[in-house]
file run_23.txt (compact mmCIF, N, CA and C atoms)
# COMPACT_ATOMS: atom_id res chain seq x y z
N MET A 244 48.27 129.57 190.28
CA MET A 244 48.89 128.29 189.97
C MET A 244 47.80 127.29 189.57
N ASP A 245 48.08 126.55 188.53
CA ASP A 245 47.11 125.58 188.03
C ASP A 245 47.19 124.30 188.85
N ARG A 246 46.10 124.00 189.53
CA ARG A 246 46.06 122.81 190.38
C ARG A 246 45.09 121.77 189.87
N ARG A 247 44.71 121.90 188.60
CA ARG A 247 43.74 120.95 188.05
C ARG A 247 44.31 119.54 187.91
N GLY A 248 45.59 119.42 187.57
CA GLY A 248 46.23 118.11 187.44
C GLY A 248 46.24 117.34 188.75
N PRO A 249 46.77 117.95 189.83
CA PRO A 249 46.71 117.26 191.13
C PRO A 249 45.29 117.00 191.61
N ALA A 250 44.37 117.90 191.30
CA ALA A 250 42.97 117.69 191.69
C ALA A 250 42.38 116.49 190.96
N LEU A 251 42.69 116.35 189.67
CA LEU A 251 42.21 115.20 188.92
C LEU A 251 42.80 113.91 189.47
N ALA A 252 44.08 113.94 189.84
CA ALA A 252 44.71 112.76 190.43
C ALA A 252 44.02 112.40 191.75
N ALA A 253 43.70 113.40 192.56
CA ALA A 253 43.01 113.14 193.82
C ALA A 253 41.61 112.59 193.58
N LEU A 254 40.92 113.06 192.54
CA LEU A 254 39.61 112.50 192.21
C LEU A 254 39.71 111.04 191.78
N LEU A 255 40.77 110.71 191.08
CA LEU A 255 40.98 109.31 190.67
C LEU A 255 41.27 108.43 191.89
N VAL A 256 42.02 108.96 192.86
CA VAL A 256 42.27 108.21 194.10
C VAL A 256 40.95 108.02 194.84
N PHE A 257 40.11 109.05 194.86
CA PHE A 257 38.80 108.95 195.50
C PHE A 257 37.96 107.85 194.84
N ALA A 258 37.94 107.84 193.52
CA ALA A 258 37.16 106.83 192.79
C ALA A 258 37.69 105.44 193.06
N PHE A 259 39.01 105.27 193.01
CA PHE A 259 39.61 103.97 193.26
C PHE A 259 39.31 103.50 194.68
N ALA A 260 39.44 104.39 195.65
CA ALA A 260 39.16 104.03 197.05
C ALA A 260 37.70 103.65 197.23
N THR A 261 36.80 104.32 196.55
CA THR A 261 35.38 103.99 196.65
C THR A 261 35.10 102.59 196.10
N VAL A 262 35.71 102.26 194.98
CA VAL A 262 35.53 100.93 194.39
C VAL A 262 36.11 99.86 195.31
N VAL A 263 37.31 100.09 195.83
CA VAL A 263 37.94 99.10 196.71
C VAL A 263 37.13 98.92 197.99
N ALA A 264 36.64 100.03 198.57
CA ALA A 264 35.83 99.93 199.79
C ALA A 264 34.55 99.17 199.53
N THR A 265 33.94 99.38 198.38
CA THR A 265 32.72 98.65 198.03
C THR A 265 33.01 97.16 197.87
N MET A 266 34.14 96.83 197.27
CA MET A 266 34.51 95.42 197.13
C MET A 266 34.78 94.80 198.51
N LEU A 267 35.45 95.52 199.39
CA LEU A 267 35.73 94.99 200.72
C LEU A 267 34.44 94.80 201.52
N ASP A 268 33.51 95.74 201.38
CA ASP A 268 32.23 95.61 202.09
C ASP A 268 31.39 94.48 201.53
N GLY A 269 31.57 94.13 200.28
CA GLY A 269 30.81 93.06 199.67
C GLY A 269 31.26 91.67 200.10
N ARG A 270 32.42 91.59 200.73
CA ARG A 270 32.95 90.29 201.16
C ARG A 270 32.39 89.84 202.51
N VAL A 271 31.77 90.75 203.27
CA VAL A 271 31.26 90.40 204.59
C VAL A 271 29.75 90.23 204.52
N PRO A 272 29.13 89.54 205.48
CA PRO A 272 27.67 89.41 205.48
C PRO A 272 26.98 90.78 205.52
N ALA A 273 25.75 90.80 205.06
CA ALA A 273 25.02 92.05 204.87
C ALA A 273 24.92 92.90 206.13
N GLY A 274 24.74 92.31 207.29
CA GLY A 274 24.58 93.09 208.51
C GLY A 274 25.88 93.57 209.12
N ASP A 275 27.01 93.04 208.67
CA ASP A 275 28.31 93.39 209.23
C ASP A 275 28.97 94.50 208.43
N GLU A 276 29.93 95.16 209.06
CA GLU A 276 30.68 96.20 208.39
C GLU A 276 32.14 95.77 208.30
N SER A 277 32.79 96.13 207.24
CA SER A 277 34.20 95.84 207.04
C SER A 277 35.02 97.03 207.55
N VAL A 278 35.87 96.78 208.54
CA VAL A 278 36.72 97.86 209.06
C VAL A 278 37.69 98.33 207.98
N ALA A 279 38.24 97.38 207.23
CA ALA A 279 39.15 97.75 206.15
C ALA A 279 38.43 98.60 205.10
N GLY A 280 37.18 98.27 204.82
CA GLY A 280 36.39 99.06 203.86
C GLY A 280 36.19 100.48 204.33
N TRP A 281 35.91 100.65 205.61
CA TRP A 281 35.73 102.00 206.15
C TRP A 281 37.03 102.80 206.13
N ILE A 282 38.15 102.14 206.43
CA ILE A 282 39.43 102.84 206.41
C ILE A 282 39.75 103.31 204.99
N VAL A 283 39.55 102.44 204.03
CA VAL A 283 39.80 102.80 202.63
C VAL A 283 38.86 103.92 202.20
N GLN A 284 37.59 103.85 202.62
CA GLN A 284 36.63 104.87 202.23
C GLN A 284 36.98 106.23 202.85
N VAL A 285 37.44 106.22 204.09
CA VAL A 285 37.84 107.49 204.73
C VAL A 285 39.03 108.08 203.99
N LEU A 286 39.99 107.25 203.60
CA LEU A 286 41.12 107.75 202.81
C LEU A 286 40.65 108.32 201.48
N GLY A 287 39.66 107.67 200.88
CA GLY A 287 39.07 108.20 199.65
C GLY A 287 38.38 109.52 199.87
N HIS A 288 37.65 109.64 200.98
CA HIS A 288 36.99 110.91 201.30
C HIS A 288 38.02 112.02 201.48
N LEU A 289 39.14 111.71 202.11
CA LEU A 289 40.19 112.71 202.28
C LEU A 289 40.78 113.13 200.93
N ALA A 290 40.92 112.18 200.02
CA ALA A 290 41.40 112.51 198.67
C ALA A 290 40.38 113.40 197.94
N GLY A 291 39.10 113.09 198.10
CA GLY A 291 38.06 113.92 197.50
C GLY A 291 38.05 115.32 198.07
N LEU A 292 38.25 115.42 199.38
CA LEU A 292 38.33 116.73 200.03
C LEU A 292 39.51 117.52 199.49
N ALA A 293 40.65 116.85 199.34
CA ALA A 293 41.83 117.52 198.79
C ALA A 293 41.57 118.00 197.37
N ALA A 294 40.88 117.20 196.56
CA ALA A 294 40.57 117.59 195.18
C ALA A 294 39.68 118.83 195.16
N GLY A 295 38.64 118.83 195.99
CA GLY A 295 37.76 119.99 196.03
C GLY A 295 38.48 121.25 196.47
N LEU A 296 39.32 121.12 197.48
CA LEU A 296 40.06 122.29 197.97
C LEU A 296 41.09 122.77 196.95
N LEU A 297 41.73 121.83 196.25
CA LEU A 297 42.67 122.24 195.19
C LEU A 297 41.97 123.00 194.08
N LEU A 298 40.78 122.54 193.71
CA LEU A 298 40.04 123.25 192.66
C LEU A 298 39.58 124.62 193.14
N LEU A 299 39.18 124.71 194.40
CA LEU A 299 38.79 126.01 194.94
C LEU A 299 39.96 126.97 195.00
N ALA A 300 41.14 126.45 195.28
CA ALA A 300 42.32 127.29 195.46
C ALA A 300 43.00 127.64 194.14
N SER A 301 42.51 127.13 193.02
CA SER A 301 43.14 127.43 191.74
C SER A 301 42.95 128.90 191.41
N ALA A 302 44.05 129.62 191.40
CA ALA A 302 44.00 131.04 191.09
C ALA A 302 44.70 131.28 189.75
N GLY A 303 44.11 132.09 188.92
CA GLY A 303 44.71 132.44 187.64
C GLY A 303 44.60 131.36 186.59
N VAL A 304 43.70 130.41 186.78
CA VAL A 304 43.51 129.35 185.80
C VAL A 304 42.34 129.74 184.91
N PRO A 305 42.56 129.81 183.60
CA PRO A 305 41.43 130.14 182.74
C PRO A 305 40.56 128.93 182.50
N PRO A 306 39.31 128.96 182.50
CA PRO A 306 38.43 129.93 183.15
C PRO A 306 38.34 129.65 184.65
N GLU A 307 38.69 130.63 185.41
CA GLU A 307 38.81 130.48 186.86
C GLU A 307 37.48 130.15 187.52
N SER A 308 36.39 130.77 187.06
CA SER A 308 35.10 130.54 187.71
C SER A 308 34.62 129.10 187.55
N SER A 309 34.86 128.49 186.39
CA SER A 309 34.41 127.12 186.20
C SER A 309 35.23 126.14 187.04
N THR A 310 36.50 126.44 187.25
CA THR A 310 37.34 125.60 188.10
C THR A 310 36.87 125.68 189.55
N ARG A 311 36.53 126.86 189.99
CA ARG A 311 36.02 127.01 191.36
C ARG A 311 34.64 126.38 191.51
N ARG A 312 33.81 126.49 190.50
CA ARG A 312 32.50 125.83 190.55
C ARG A 312 32.67 124.32 190.65
N ALA A 313 33.64 123.79 189.93
CA ALA A 313 33.92 122.35 190.01
C ALA A 313 34.36 121.98 191.42
N GLY A 314 35.16 122.82 192.05
CA GLY A 314 35.57 122.57 193.43
C GLY A 314 34.40 122.56 194.38
N VAL A 315 33.49 123.51 194.20
CA VAL A 315 32.29 123.56 195.05
C VAL A 315 31.43 122.32 194.80
N ALA A 316 31.30 121.91 193.54
CA ALA A 316 30.50 120.72 193.23
C ALA A 316 31.09 119.47 193.89
N VAL A 317 32.41 119.33 193.86
CA VAL A 317 33.05 118.18 194.50
C VAL A 317 32.83 118.21 196.00
N LEU A 318 32.99 119.37 196.62
CA LEU A 318 32.81 119.46 198.07
C LEU A 318 31.37 119.21 198.49
N VAL A 319 30.41 119.71 197.73
CA VAL A 319 28.99 119.47 198.06
C VAL A 319 28.65 118.00 197.86
N ALA A 320 29.13 117.40 196.79
CA ALA A 320 28.88 115.97 196.56
C ALA A 320 29.52 115.12 197.64
N LEU A 321 30.72 115.48 198.04
CA LEU A 321 31.41 114.74 199.10
C LEU A 321 30.65 114.88 200.42
N ALA A 322 30.13 116.06 200.69
CA ALA A 322 29.32 116.25 201.91
C ALA A 322 28.08 115.38 201.86
N GLY A 323 27.45 115.26 200.69
CA GLY A 323 26.29 114.39 200.54
C GLY A 323 26.62 112.93 200.77
N ILE A 324 27.78 112.50 200.26
CA ILE A 324 28.20 111.11 200.46
C ILE A 324 28.45 110.83 201.92
N VAL A 325 29.18 111.72 202.57
CA VAL A 325 29.49 111.53 204.00
C VAL A 325 28.20 111.56 204.82
N LEU A 326 27.30 112.47 204.50
CA LEU A 326 26.03 112.55 205.22
C LEU A 326 25.22 111.27 205.04
N ALA A 327 25.18 110.73 203.85
CA ALA A 327 24.46 109.47 203.61
C ALA A 327 25.10 108.34 204.41
N ASP A 328 26.43 108.31 204.46
CA ASP A 328 27.11 107.28 205.24
C ASP A 328 26.81 107.40 206.72
N VAL A 329 26.84 108.62 207.23
CA VAL A 329 26.59 108.84 208.66
C VAL A 329 25.15 108.50 209.01
N VAL A 330 24.21 108.93 208.20
CA VAL A 330 22.80 108.62 208.47
C VAL A 330 22.58 107.11 208.42
N GLY A 331 23.20 106.44 207.47
CA GLY A 331 23.07 104.99 207.38
C GLY A 331 23.62 104.29 208.60
N LEU A 332 24.67 104.80 209.17
CA LEU A 332 25.24 104.21 210.38
C LEU A 332 24.41 104.50 211.61
N VAL A 333 23.96 105.73 211.73
CA VAL A 333 23.25 106.15 212.94
C VAL A 333 21.86 105.54 213.00
N VAL A 334 21.15 105.50 211.89
CA VAL A 334 19.77 105.04 211.90
C VAL A 334 19.67 103.58 212.32
N ASP A 335 20.26 102.69 211.54
CA ASP A 335 20.21 101.28 211.94
C ASP A 335 21.34 100.45 211.36
N GLY A 336 22.23 101.08 210.63
CA GLY A 336 23.38 100.36 210.09
C GLY A 336 23.07 99.47 208.90
N THR A 337 21.86 99.51 208.39
CA THR A 337 21.52 98.68 207.23
C THR A 337 21.41 99.54 205.98
N ALA A 338 21.38 98.88 204.85
CA ALA A 338 21.28 99.59 203.59
C ALA A 338 19.89 100.20 203.42
N ASP A 339 19.84 101.35 202.77
CA ASP A 339 18.59 102.04 202.53
C ASP A 339 18.62 102.52 201.07
N ALA A 340 17.55 102.24 200.34
CA ALA A 340 17.52 102.58 198.92
C ALA A 340 17.62 104.09 198.70
N GLY A 341 16.99 104.87 199.55
CA GLY A 341 17.04 106.33 199.41
C GLY A 341 18.44 106.86 199.62
N LEU A 342 19.12 106.35 200.64
CA LEU A 342 20.50 106.78 200.89
C LEU A 342 21.41 106.32 199.76
N GLY A 343 21.14 105.13 199.23
CA GLY A 343 21.92 104.64 198.10
C GLY A 343 21.75 105.53 196.88
N ALA A 344 20.53 106.02 196.67
CA ALA A 344 20.28 106.91 195.53
C ALA A 344 21.00 108.24 195.71
N VAL A 345 20.98 108.77 196.93
CA VAL A 345 21.69 110.03 197.21
C VAL A 345 23.19 109.83 196.97
N ARG A 346 23.71 108.73 197.47
CA ARG A 346 25.14 108.43 197.30
C ARG A 346 25.48 108.29 195.81
N LEU A 347 24.63 107.60 195.06
CA LEU A 347 24.87 107.42 193.62
C LEU A 347 24.87 108.76 192.90
N LEU A 348 23.91 109.63 193.18
CA LEU A 348 23.85 110.95 192.55
C LEU A 348 25.10 111.77 192.86
N CYS A 349 25.55 111.69 194.10
CA CYS A 349 26.76 112.43 194.48
C CYS A 349 27.99 111.87 193.78
N LEU A 350 28.08 110.55 193.67
CA LEU A 350 29.20 109.95 192.95
C LEU A 350 29.17 110.31 191.47
N LEU A 351 27.97 110.40 190.90
CA LEU A 351 27.86 110.83 189.50
C LEU A 351 28.30 112.28 189.33
N ALA A 352 28.01 113.13 190.30
CA ALA A 352 28.46 114.52 190.23
C ALA A 352 29.99 114.59 190.25
N VAL A 353 30.62 113.80 191.11
CA VAL A 353 32.08 113.78 191.16
C VAL A 353 32.65 113.23 189.85
N ALA A 354 32.03 112.20 189.30
CA ALA A 354 32.49 111.65 188.03
C ALA A 354 32.36 112.69 186.91
N TRP A 355 31.26 113.45 186.93
CA TRP A 355 31.06 114.49 185.92
C TRP A 355 32.17 115.53 185.99
N VAL A 356 32.53 115.94 187.20
CA VAL A 356 33.61 116.92 187.36
C VAL A 356 34.92 116.34 186.82
N ALA A 357 35.21 115.08 187.14
CA ALA A 357 36.45 114.46 186.67
C ALA A 357 36.46 114.36 185.15
N LEU A 358 35.32 114.01 184.55
CA LEU A 358 35.26 113.92 183.09
C LEU A 358 35.41 115.28 182.43
N ARG A 359 34.92 116.32 183.07
CA ARG A 359 35.07 117.67 182.52
C ARG A 359 36.49 118.19 182.71
N LEU A 360 37.15 117.73 183.76
CA LEU A 360 38.50 118.19 184.08
C LEU A 360 39.56 117.51 183.22
N ALA A 361 39.34 116.26 182.87
CA ALA A 361 40.35 115.46 182.17
C ALA A 361 40.79 116.08 180.83
N PRO A 362 39.88 116.51 179.97
CA PRO A 362 40.36 117.10 178.70
C PRO A 362 41.18 118.38 178.90
N ALA A 363 40.80 119.19 179.88
CA ALA A 363 41.55 120.42 180.13
C ALA A 363 42.96 120.11 180.62
N VAL A 364 43.08 119.12 181.49
CA VAL A 364 44.41 118.73 182.00
C VAL A 364 45.23 118.12 180.87
N ALA A 365 44.61 117.30 180.04
CA ALA A 365 45.32 116.70 178.91
C ALA A 365 45.79 117.76 177.93
N GLN A 366 44.95 118.73 177.64
CA GLN A 366 45.32 119.82 176.73
C GLN A 366 46.47 120.63 177.30
N GLN A 367 46.41 120.89 178.59
CA GLN A 367 47.47 121.66 179.24
C GLN A 367 48.80 120.92 179.14
N ARG A 368 48.78 119.61 179.37
CA ARG A 368 50.02 118.82 179.29
C ARG A 368 50.52 118.73 177.84
N ARG A 369 49.58 118.64 176.91
CA ARG A 369 49.96 118.53 175.50
C ARG A 369 50.60 119.84 175.02
N ASP A 370 50.04 120.98 175.44
CA ASP A 370 50.56 122.28 175.03
C ASP A 370 51.78 122.70 175.82
N GLY A 371 51.97 122.07 176.98
CA GLY A 371 53.09 122.47 177.83
C GLY A 371 52.87 123.82 178.47
N THR A 372 51.59 124.17 178.74
CA THR A 372 51.29 125.49 179.30
C THR A 372 51.15 125.44 180.81
N SER A 373 51.86 124.56 181.42
CA SER A 373 51.81 124.45 182.88
C SER A 373 52.35 125.73 183.48
N SER A 374 51.68 126.21 184.49
CA SER A 374 52.16 127.41 185.15
C SER A 374 53.43 127.09 185.93
N PRO A 375 54.37 128.03 185.98
CA PRO A 375 55.63 127.75 186.68
C PRO A 375 55.41 127.54 188.17
N ARG A 376 56.19 126.65 188.72
CA ARG A 376 56.10 126.40 190.15
C ARG A 376 56.99 127.39 190.89
N PRO A 377 56.52 127.84 192.06
CA PRO A 377 57.35 128.82 192.80
C PRO A 377 58.59 128.19 193.37
call {"tool": "encode", "arguments": {"input": "run_23.txt", "output": "structure tokens"}}
result
Amino acid sequence: MDRRGPALAALLVFAFATVVATMLDGRVPAGDESVAGWIVQVLGHLAGLAAGLLLLASAGVPPESSTRRAGVAVLVALAGIVLADVVGLVVDGTADAGLGAVRLLCLLAVAWVALRLAPAVAQQRRDGTSSPRP
């Protein structure tokens, strides 16, 4: 079953949640944390996790190996983002340029997967070659 469409939608939810969480965190003083920002970011992380798992679970989608590689890339990037967030909280709760760079690289990897996925999903919808639902 082709799960690239729902995976792309989940990646868009992840991106939107990341932007909203960043905006919410920008409204509070630098040393403080926004609880609403963290809640939105966790929801975004869950959407990213769902996208990665959907891509991994795509069976019979041509080319199957590239779809699974995209799923692995999303999951590894998401793990890097979560790890950077956890280290930032545990160490001292302040911003760190190195952690910001790791987070940025991981976000770029997720964006790359979404950009690679979008034309395939659009082509599938245009051709009407959606796999039948059980």
call {"tool": "closest_atom_pairs", "arguments": {"input": "run_23.txt", "of": "region 268-334 of chain A", "to": "region 346-364 of chain A", "cutoff": "7 Å", "atoms": "only N, CA and C atoms", "output": "Markdown table"}}
result
| residue | atom | partner | partner_atom | distance |
| --- | --- | --- | --- | --- |
| A:Ala313 | CA | A:Val356 | CA | 6.1 |
| A:Ala316 | C | A:Ala352 | C | 6.2 |
| A:Val317 | CA | A:Val353 | CA | 5.6 |
| A:Val319 | C | A:Cys349 | CA | 6.8 |
| A:Ala320 | CA | A:Cys349 | CA | 4.6 |
| A:Leu321 | N | A:Cys349 | CA | 6.1 |
| A:Gly323 | C | A:Arg346 | CA | 5.9 |
| A:Ile324 | CA | A:Arg346 | CA | 5.2 |
| A:Ala327 | CA | A:Arg346 | N | 6.2 |
call {"tool": "atom_distance", "arguments": {"input": "run_23.txt", "atom1": "CA of Phe257 (chain A)", "atom2": "CA of Ala290 (chain A)"}}
result
5.4 Å
call {"tool": "atom_distance", "arguments": {"input": "run_23.txt", "atom1": "CA of Gly248 (chain A)", "atom2": "atom N of Ala365 (chain A)"}}
result
7.6 Å
call {"tool": "atom_distance", "arguments": {"input": "run_23.txt", "atom1": "CA of Gly291 (chain A)", "atom2": "CA of Ala322 (chain A)"}}
result
10.1 Å
call {"tool": "select_by_dssp", "arguments": {"input": "run_23.txt", "residues": "region 257-353 of chain A", "states": "alpha helix (DSSP H)", "output": "JSON, numbers by chain"}}
result
{"A": [257, 258, 259, 260, 261, 262, 263, 264, 265, 266, 267, 268, 269, 278, 279, 280, 281, 282, 283, 284, 285, 286, 287, 288, 289, 290, 291, 292, 293, 294, 295, 296, 297, 298, 299, 307, 308, 309, 310, 311, 312, 313, 314, 315, 316, 317, 318, 319, 320, 321, 322, 323, 324, 325, 326, 327, 328, 329, 330, 331, 332, 333, 334, 340, 341, 342, 343, 344, 345, 346, 347, 348, 349, 350, 351, 352, 353]}
call {"tool": "residues_around", "arguments": {"input": "run_23.txt", "residues": "Leu298 (chain A)", "least_positions_apart": "2", "cutoff": "8 Å", "atoms": "all atoms listed in the file", "output": "list of chain:residue names"}}
result
A:Arg246, A:Arg247, A:Pro249, A:Ala250, A:Leu251, A:Leu292, A:Ala293, A:Ala294, A:Gly295, A:Leu296, A:Ala300, A:Ser301, A:Ala302, A:Ser309, A:Thr310, A:Arg311, A:Arg312, A:Ala313, A:Gly314, A:Val315
call {"tool": "closest_residue", "arguments": {"input": "run_23.txt", "among": "A:Val345, A:Leu254, A:Asp339, A:Arg368", "to": "Leu289 (chain A)", "atoms": "only C-alpha atoms"}}
result
A:Leu254
call {"tool": "closest_residue", "arguments": {"input": "run_23.txt", "among": "A:Asp245, A:Trp281, A:Val256, A:Gly343", "to": "Asp268 (chain A)", "atoms": "all atoms listed in the file"}}
result
A:Trp281
call {"tool": "decode", "arguments": {"input": "run_23.txt", "residues": "region 277-302 of chain A", "atoms": "N, CA, C and O atoms", "output": "PDB file, in the first residue's frame"}}
result
ATOM      1  N   SER A 277       8.835  28.045  26.959  1.00  0.00           N
ATOM      2  CA  SER A 277       7.402  28.133  26.723  1.00  0.00           C
ATOM      3  C   SER A 277       6.812  26.723  26.793  1.00  0.00           C
ATOM      4  O   SER A 277       7.203  25.851  26.014  1.00  0.00           O
ATOM      5  N   VAL A 278       5.890  26.522  27.734  1.00  0.00           N
ATOM      6  CA  VAL A 278       5.250  25.209  27.851  1.00  0.00           C
ATOM      7  C   VAL A 278       4.436  24.912  26.599  1.00  0.00           C
ATOM      8  O   VAL A 278       4.466  23.789  26.084  1.00  0.00           O
ATOM      9  N   ALA A 279       3.738  25.918  26.094  1.00  0.00           N
ATOM     10  CA  ALA A 279       2.963  25.729  24.866  1.00  0.00           C
ATOM     11  C   ALA A 279       3.879  25.362  23.697  1.00  0.00           C
ATOM     12  O   ALA A 279       3.534  24.515  22.869  1.00  0.00           O
ATOM     13  N   GLY A 280       5.052  25.972  23.639  1.00  0.00           N
ATOM     14  CA  GLY A 280       6.008  25.647  22.581  1.00  0.00           C
ATOM     15  C   GLY A 280       6.466  24.202  22.654  1.00  0.00           C
ATOM     16  O   GLY A 280       6.587  23.526  21.632  1.00  0.00           O
ATOM     17  N   TRP A 281       6.719  23.723  23.851  1.00  0.00           N
ATOM     18  CA  TRP A 281       7.141  22.326  24.007  1.00  0.00           C
ATOM     19  C   TRP A 281       6.026  21.359  23.648  1.00  0.00           C
ATOM     20  O   TRP A 281       6.267  20.321  23.033  1.00  0.00           O
ATOM     21  N   ILE A 282       4.787  21.694  24.011  1.00  0.00           N
ATOM     22  CA  ILE A 282       3.664  20.815  23.677  1.00  0.00           C
ATOM     23  C   ILE A 282       3.498  20.728  22.162  1.00  0.00           C
ATOM     24  O   ILE A 282       3.353  19.635  21.602  1.00  0.00           O
ATOM     25  N   VAL A 283       3.565  21.865  21.501  1.00  0.00           N
ATOM     26  CA  VAL A 283       3.443  21.884  20.040  1.00  0.00           C
ATOM     27  C   VAL A 283       4.603  21.126  19.408  1.00  0.00           C
ATOM     28  O   VAL A 283       4.429  20.364  18.454  1.00  0.00           O
ATOM     29  N   GLN A 284       5.813  21.293  19.949  1.00  0.00           N
ATOM     30  CA  GLN A 284       6.968  20.606  19.380  1.00  0.00           C
ATOM     31  C   GLN A 284       6.867  19.094  19.562  1.00  0.00           C
ATOM     32  O   GLN A 284       7.216  18.330  18.668  1.00  0.00           O
ATOM     33  N   VAL A 285       6.372  18.655  20.712  1.00  0.00           N
ATOM     34  CA  VAL A 285       6.194  17.211  20.929  1.00  0.00           C
ATOM     35  C   VAL A 285       5.170  16.656  19.946  1.00  0.00           C
ATOM     36  O   VAL A 285       5.364  15.566  19.387  1.00  0.00           O
ATOM     37  N   LEU A 286       4.087  17.387  19.712  1.00  0.00           N
ATOM     38  CA  LEU A 286       3.106  16.954  18.713  1.00  0.00           C
ATOM     39  C   LEU A 286       3.736  16.882  17.325  1.00  0.00           C
ATOM     40  O   LEU A 286       3.460  15.965  16.551  1.00  0.00           O
ATOM     41  N   GLY A 287       4.603  17.840  17.031  1.00  0.00           N
ATOM     42  CA  GLY A 287       5.326  17.801  15.760  1.00  0.00           C
ATOM     43  C   GLY A 287       6.260  16.617  15.665  1.00  0.00           C
ATOM     44  O   GLY A 287       6.360  15.973  14.619  1.00  0.00           O
ATOM     45  N   HIS A 288       6.946  16.307  16.765  1.00  0.00           N
ATOM     46  CA  HIS A 288       7.826  15.134  16.783  1.00  0.00           C
ATOM     47  C   HIS A 288       7.033  13.860  16.543  1.00  0.00           C
ATOM     48  O   HIS A 288       7.487  12.952  15.838  1.00  0.00           O
ATOM     49  N   LEU A 289       5.849  13.774  17.128  1.00  0.00           N
ATOM     50  CA  LEU A 289       5.000  12.599  16.918  1.00  0.00           C
ATOM     51  C   LEU A 289       4.561  12.490  15.455  1.00  0.00           C
ATOM     52  O   LEU A 289       4.513  11.391  14.891  1.00  0.00           O
ATOM     53  N   ALA A 290       4.272  13.625  14.831  1.00  0.00           N
ATOM     54  CA  ALA A 290       3.924  13.620  13.408  1.00  0.00           C
ATOM     55  C   ALA A 290       5.124  13.181  12.560  1.00  0.00           C
ATOM     56  O   ALA A 290       4.976  12.412  11.607  1.00  0.00           O
ATOM     57  N   GLY A 291       6.314  13.648  12.918  1.00  0.00           N
ATOM     58  CA  GLY A 291       7.519  13.223  12.206  1.00  0.00           C
ATOM     59  C   GLY A 291       7.780  11.738  12.367  1.00  0.00           C
ATOM     60  O   GLY A 291       8.170  11.053  11.418  1.00  0.00           O
ATOM     61  N   LEU A 292       7.549  11.234  13.573  1.00  0.00           N
ATOM     62  CA  LEU A 292       7.702   9.798  13.824  1.00  0.00           C
ATOM     63  C   LEU A 292       6.714   9.003  12.976  1.00  0.00           C
ATOM     64  O   LEU A 292       7.078   7.992  12.370  1.00  0.00           O
ATOM     65  N   ALA A 293       5.480   9.477  12.913  1.00  0.00           N
ATOM     66  CA  ALA A 293       4.472   8.803  12.091  1.00  0.00           C
ATOM     67  C   ALA A 293       4.880   8.806  10.622  1.00  0.00           C
ATOM     68  O   ALA A 293       4.738   7.789   9.927  1.00  0.00           O
ATOM     69  N   ALA A 294       5.431   9.921  10.140  1.00  0.00           N
ATOM     70  CA  ALA A 294       5.862  10.000   8.738  1.00  0.00           C
ATOM     71  C   ALA A 294       6.975   9.000   8.461  1.00  0.00           C
ATOM     72  O   ALA A 294       6.937   8.286   7.459  1.00  0.00           O
ATOM     73  N   GLY A 295       7.963   8.944   9.346  1.00  0.00           N
ATOM     74  CA  GLY A 295       9.053   7.994   9.149  1.00  0.00           C
ATOM     75  C   GLY A 295       8.576   6.556   9.153  1.00  0.00           C
ATOM     76  O   GLY A 295       8.996   5.741   8.325  1.00  0.00           O
ATOM     77  N   LEU A 296       7.683   6.233  10.076  1.00  0.00           N
ATOM     78  CA  LEU A 296       7.165   4.864  10.148  1.00  0.00           C
ATOM     79  C   LEU A 296       6.289   4.531   8.940  1.00  0.00           C
ATOM     80  O   LEU A 296       6.328   3.401   8.445  1.00  0.00           O
ATOM     81  N   LEU A 297       5.508   5.500   8.467  1.00  0.00           N
ATOM     82  CA  LEU A 297       4.705   5.263   7.263  1.00  0.00           C
ATOM     83  C   LEU A 297       5.586   4.989   6.050  1.00  0.00           C
ATOM     84  O   LEU A 297       5.287   4.116   5.238  1.00  0.00           O
ATOM     85  N   LEU A 298       6.675   5.734   5.935  1.00  0.00           N
ATOM     86  CA  LEU A 298       7.586   5.509   4.807  1.00  0.00           C
ATOM     87  C   LEU A 298       8.284   4.161   4.925  1.00  0.00           C
ATOM     88  O   LEU A 298       8.495   3.476   3.926  1.00  0.00           O
ATOM     89  N   LEU A 299       8.637   3.776   6.146  1.00  0.00           N
ATOM     90  CA  LEU A 299       9.257   2.464   6.331  1.00  0.00           C
ATOM     91  C   LEU A 299       8.290   1.339   6.018  1.00  0.00           C
ATOM     92  O   LEU A 299       8.696   0.281   5.526  1.00  0.00           O
ATOM     93  N   ALA A 300       7.021   1.544   6.322  1.00  0.00           N
ATOM     94  CA  ALA A 300       6.027   0.491   6.142  1.00  0.00           C
ATOM     95  C   ALA A 300       5.474   0.426   4.721  1.00  0.00           C
ATOM     96  O   ALA A 300       4.648  -0.434   4.440  1.00  0.00           O
ATOM     97  N   SER A 301       5.901   1.314   3.842  1.00  0.00           N
ATOM     98  CA  SER A 301       5.391   1.299   2.472  1.00  0.00           C
ATOM     99  C   SER A 301       5.876   0.048   1.762  1.00  0.00           C
ATOM    100  O   SER A 301       7.062  -0.117   1.515  1.00  0.00           O
ATOM    101  N   ALA A 302       4.945  -0.819   1.451  1.00  0.00           N
ATOM    102  CA  ALA A 302       5.282  -2.058   0.764  1.00  0.00           C
ATOM    103  C   ALA A 302       4.690  -2.017  -0.643  1.00  0.00           C
ATOM    104  O   ALA A 302       3.551  -1.598  -0.828  1.00  0.00           O
TER     105      ALA A 302
END
